[in-house]
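Heads up: the structure comes next, in structure tokens.
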Amino acid sequence: MRTYPENSPQAAARLLAMALVADGNYALSELKALDRLDAARQLGLPPQELKAVIETFCEDLLLGAQGAWHGSSQIDPATRQQLLDEVTDRTLRSTIVALCVAVVEADGHLADGETAMLDGLTRAWRHRPDLQTQQPGAAP
């Protein structure tokens with residue numbers, strides 16, 4: 001799995017991608033929600049770069065699973081934690097959680113993988129007292 005700088009727009013976008021494909025696929029309504037919410041702008045990215053991060057994340061998932069597609073719900077716990085640890089800023093985390101919730105709810109169905117992803121995300125971040133508050137993409 002690739003790494004991104006801490007609190008970078010790309011690290012944040014990858015977590016949104018993790019929510020998008022948590023159930024193994026994504027619906028057109030979920031992609032439209034990204035556009036409607038102006039998710040790329042909220043994360044500090046041009047729209048085409050958000051799409052590139054999503055594609056790269058899916059490629060990394062395929063490589064890690066030797067070509068088998070399971071979506072992000074099958075990421076091993078250590079890798080998932082590594083991805084979550086790339087975002088330490090509380091404000092950015094709040095933005096990511098809000099976007100993730102909106103995206104997984106956009107198709108009107110909350111799949112088990114989506115629920116597990118959201119639960120894992122909020123649980124991991126709730127138990128981390130060593131957070132900082134800074135602007136997305138700013139140097140730590």
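Just remember, in the structure tokens the first chain shown is A, the second B, etc., residues are 1-based per chain, and ligands are 1-based in the order shown.
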
Residues within 10 Å of Arg93 (chain A), please, as a list in words. Count only C-alpha atoms; anything in the same chain fewer than 4 positions from it doesn't count.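 What passes the distance filter is Asn7, Ala12, Leu15, Leu84, Val87, Thr88, Asp89, Val97, Ala98, Leu99, Leu121, Thr122, Trp125, Leu131, Thr133 and Pro136 of chain A.
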
The selected residues should be written to file as a compact mmCIF listing (two decimals), in the first residue's frame (atoms: N, CA, C and O atoms).
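See part.txt below for the written result:
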```txt
# COMPACT_ATOMS: atom_id res chain seq x y z
N ASN A 7 -1.57 13.97 7.06
CA ASN A 7 -2.59 15.01 6.91
C ASN A 7 -2.67 15.61 5.52
O ASN A 7 -3.22 16.69 5.33
N ALA A 12 -6.22 11.80 3.15
CA ALA A 12 -7.64 11.96 3.49
C ALA A 12 -8.52 11.35 2.41
O ALA A 12 -9.49 10.64 2.71
N LEU A 15 -8.89 7.57 2.55
CA LEU A 15 -9.84 7.08 3.54
C LEU A 15 -11.27 7.19 3.02
O LEU A 15 -12.09 6.32 3.28
N LEU A 84 -5.17 4.93 8.64
CA LEU A 84 -5.84 5.85 9.56
C LEU A 84 -4.83 6.76 10.26
O LEU A 84 -5.13 7.93 10.51
N VAL A 87 -3.68 10.36 9.07
CA VAL A 87 -4.47 11.56 9.33
C VAL A 87 -4.57 11.73 10.84
O VAL A 87 -5.20 10.93 11.53
N THR A 88 -3.93 12.78 11.34
CA THR A 88 -3.92 13.05 12.78
C THR A 88 -4.69 14.31 13.15
O THR A 88 -5.00 14.51 14.32
N ASP A 89 -4.96 15.15 12.18
CA ASP A 89 -5.63 16.42 12.45
C ASP A 89 -7.11 16.21 12.75
O ASP A 89 -7.83 15.58 11.98
N VAL A 97 -14.91 11.85 8.32
CA VAL A 97 -16.03 11.06 8.85
C VAL A 97 -17.35 11.51 8.24
O VAL A 97 -18.15 10.69 7.80
N ALA A 98 -17.57 12.82 8.18
CA ALA A 98 -18.82 13.33 7.61
C ALA A 98 -18.96 12.93 6.14
O ALA A 98 -20.05 12.52 5.71
N LEU A 99 -17.89 13.03 5.38
CA LEU A 99 -17.94 12.64 3.97
C LEU A 99 -18.16 11.14 3.82
O LEU A 99 -18.94 10.70 2.97
N LEU A 121 -13.20 3.13 11.81
CA LEU A 121 -12.65 4.48 11.66
C LEU A 121 -12.90 5.32 12.91
O LEU A 121 -11.97 5.87 13.50
N THR A 122 -14.13 5.37 13.35
CA THR A 122 -14.46 6.20 14.51
C THR A 122 -13.86 5.62 15.80
O THR A 122 -13.40 6.37 16.65
N TRP A 125 -10.02 6.42 15.89
CA TRP A 125 -9.72 7.82 16.12
C TRP A 125 -10.18 8.31 17.48
O TRP A 125 -9.60 9.22 18.04
N LEU A 131 -3.64 13.76 19.13
CA LEU A 131 -4.00 14.44 17.90
C LEU A 131 -3.60 15.90 17.92
O LEU A 131 -3.46 16.51 18.96
N THR A 133 -4.41 19.79 15.81
CA THR A 133 -5.36 20.51 14.99
C THR A 133 -4.57 21.42 14.08
O THR A 133 -3.81 22.27 14.53
N PRO A 136 -5.62 21.00 6.59
CA PRO A 136 -5.31 19.86 5.74
C PRO A 136 -4.11 20.18 4.83
O PRO A 136 -4.03 21.27 4.26
```

Ala106 (chain A) environment, 7 Å, only C-alpha atoms, sequence neighbours closer than 3 positions dropped, as number ranges by chain: A: 29-30, 33, 102-103

Counting only C-alpha atoms, which residue out of A:Ala40, A:Leu110, A:Leu118, A:Ala124 sits closest to Ala27 (chain A)?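 Residue with the minimum atom-to-atom distance to Ala27 (chain A): A:Leu110.
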
Could you go through region 23-87 of chain A and tell me which residues DSSP, when run on the backbone, assigns to alpha helix (DSSP H), listing them as number ranges by chain? A: 28-36, 39-43, 47-64, 77-85

Go ahead and save the picked residues with C-alpha atoms, as a PDB file, in the first residue's frame.
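Just written: selection-v5.pdb:
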```
ATOM      1  CA  LEU A  28     -23.410   5.743  -9.139  1.00  0.00           C
ATOM      2  CA  SER A  29     -25.326   7.488  -6.345  1.00  0.00           C
ATOM      3  CA  GLU A  30     -22.198   7.316  -4.163  1.00  0.00           C
ATOM      4  CA  LEU A  31     -20.064   8.894  -6.888  1.00  0.00           C
ATOM      5  CA  LYS A  32     -22.687  11.582  -7.409  1.00  0.00           C
ATOM      6  CA  ALA A  33     -22.644  12.242  -3.660  1.00  0.00           C
ATOM      7  CA  LEU A  34     -18.908  12.941  -3.895  1.00  0.00           C
ATOM      8  CA  ASP A  35     -19.623  15.543  -6.565  1.00  0.00           C
ATOM      9  CA  ARG A  36     -22.657  17.000  -4.785  1.00  0.00           C
ATOM     10  CA  ALA A  39     -15.646  16.281  -1.556  1.00  0.00           C
ATOM     11  CA  ALA A  40     -12.510  16.991  -3.560  1.00  0.00           C
ATOM     12  CA  ARG A  41     -12.579  20.680  -2.619  1.00  0.00           C
ATOM     13  CA  GLN A  42     -13.305  19.856   1.023  1.00  0.00           C
ATOM     14  CA  LEU A  43     -10.166  17.718   1.066  1.00  0.00           C
ATOM     15  CA  PRO A  47     -11.723  16.654  -8.693  1.00  0.00           C
ATOM     16  CA  GLN A  48      -9.530  14.681 -11.104  1.00  0.00           C
ATOM     17  CA  GLU A  49      -6.969  14.065  -8.348  1.00  0.00           C
ATOM     18  CA  LEU A  50      -9.648  12.667  -6.020  1.00  0.00           C
ATOM     19  CA  LYS A  51     -10.590  10.221  -8.773  1.00  0.00           C
ATOM     20  CA  ALA A  52      -6.906   9.329  -9.243  1.00  0.00           C
ATOM     21  CA  VAL A  53      -6.514   8.589  -5.512  1.00  0.00           C
ATOM     22  CA  ILE A  54      -9.606   6.352  -5.619  1.00  0.00           C
ATOM     23  CA  GLU A  55      -8.224   4.466  -8.649  1.00  0.00           C
ATOM     24  CA  THR A  56      -4.792   4.108  -7.048  1.00  0.00           C
ATOM     25  CA  PHE A  57      -6.351   2.799  -3.841  1.00  0.00           C
ATOM     26  CA  CYS A  58      -8.317   0.190  -5.798  1.00  0.00           C
ATOM     27  CA  GLU A  59      -5.138  -0.838  -7.641  1.00  0.00           C
ATOM     28  CA  ASP A  60      -3.330  -1.221  -4.319  1.00  0.00           C
ATOM     29  CA  LEU A  61      -6.178  -3.374  -2.990  1.00  0.00           C
ATOM     30  CA  LEU A  62      -5.957  -5.635  -6.047  1.00  0.00           C
ATOM     31  CA  LEU A  63      -2.190  -5.947  -5.759  1.00  0.00           C
ATOM     32  CA  GLY A  64      -2.392  -6.736  -2.059  1.00  0.00           C
ATOM     33  CA  PRO A  77      -6.027  -4.526  10.613  1.00  0.00           C
ATOM     34  CA  ALA A  78      -2.386  -3.385  10.611  1.00  0.00           C
ATOM     35  CA  THR A  79      -2.665  -1.867   7.138  1.00  0.00           C
ATOM     36  CA  ARG A  80      -5.985  -0.226   7.991  1.00  0.00           C
ATOM     37  CA  GLN A  81      -4.439   1.320  11.097  1.00  0.00           C
ATOM     38  CA  GLN A  82      -1.465   2.553   9.071  1.00  0.00           C
ATOM     39  CA  LEU A  83      -3.843   4.344   6.693  1.00  0.00           C
ATOM     40  CA  LEU A  84      -5.840   5.847   9.561  1.00  0.00           C
ATOM     41  CA  ASP A  85      -2.640   7.013  11.262  1.00  0.00           C
TER      42      ASP A  85
END
```

Between CA of Arg123 (chain A) and CA of Gln66 (chain A), what is the distance, to one decimal in Å? 28.9 Å

Quick one: of A:Pro9, A:Arg126, A:Ser72, A:Ser94, who's nearest to Val21 (chain A), counting only C-alpha atoms? A:Ser72

Asp112 (chain A) surroundings by only C-alpha atoms, 9 Å radius, close-in-sequence under 3 positions cut, as a list in words: Ala22, Asp23, Ser73, Thr115, Ala116 and Met117 of chain A
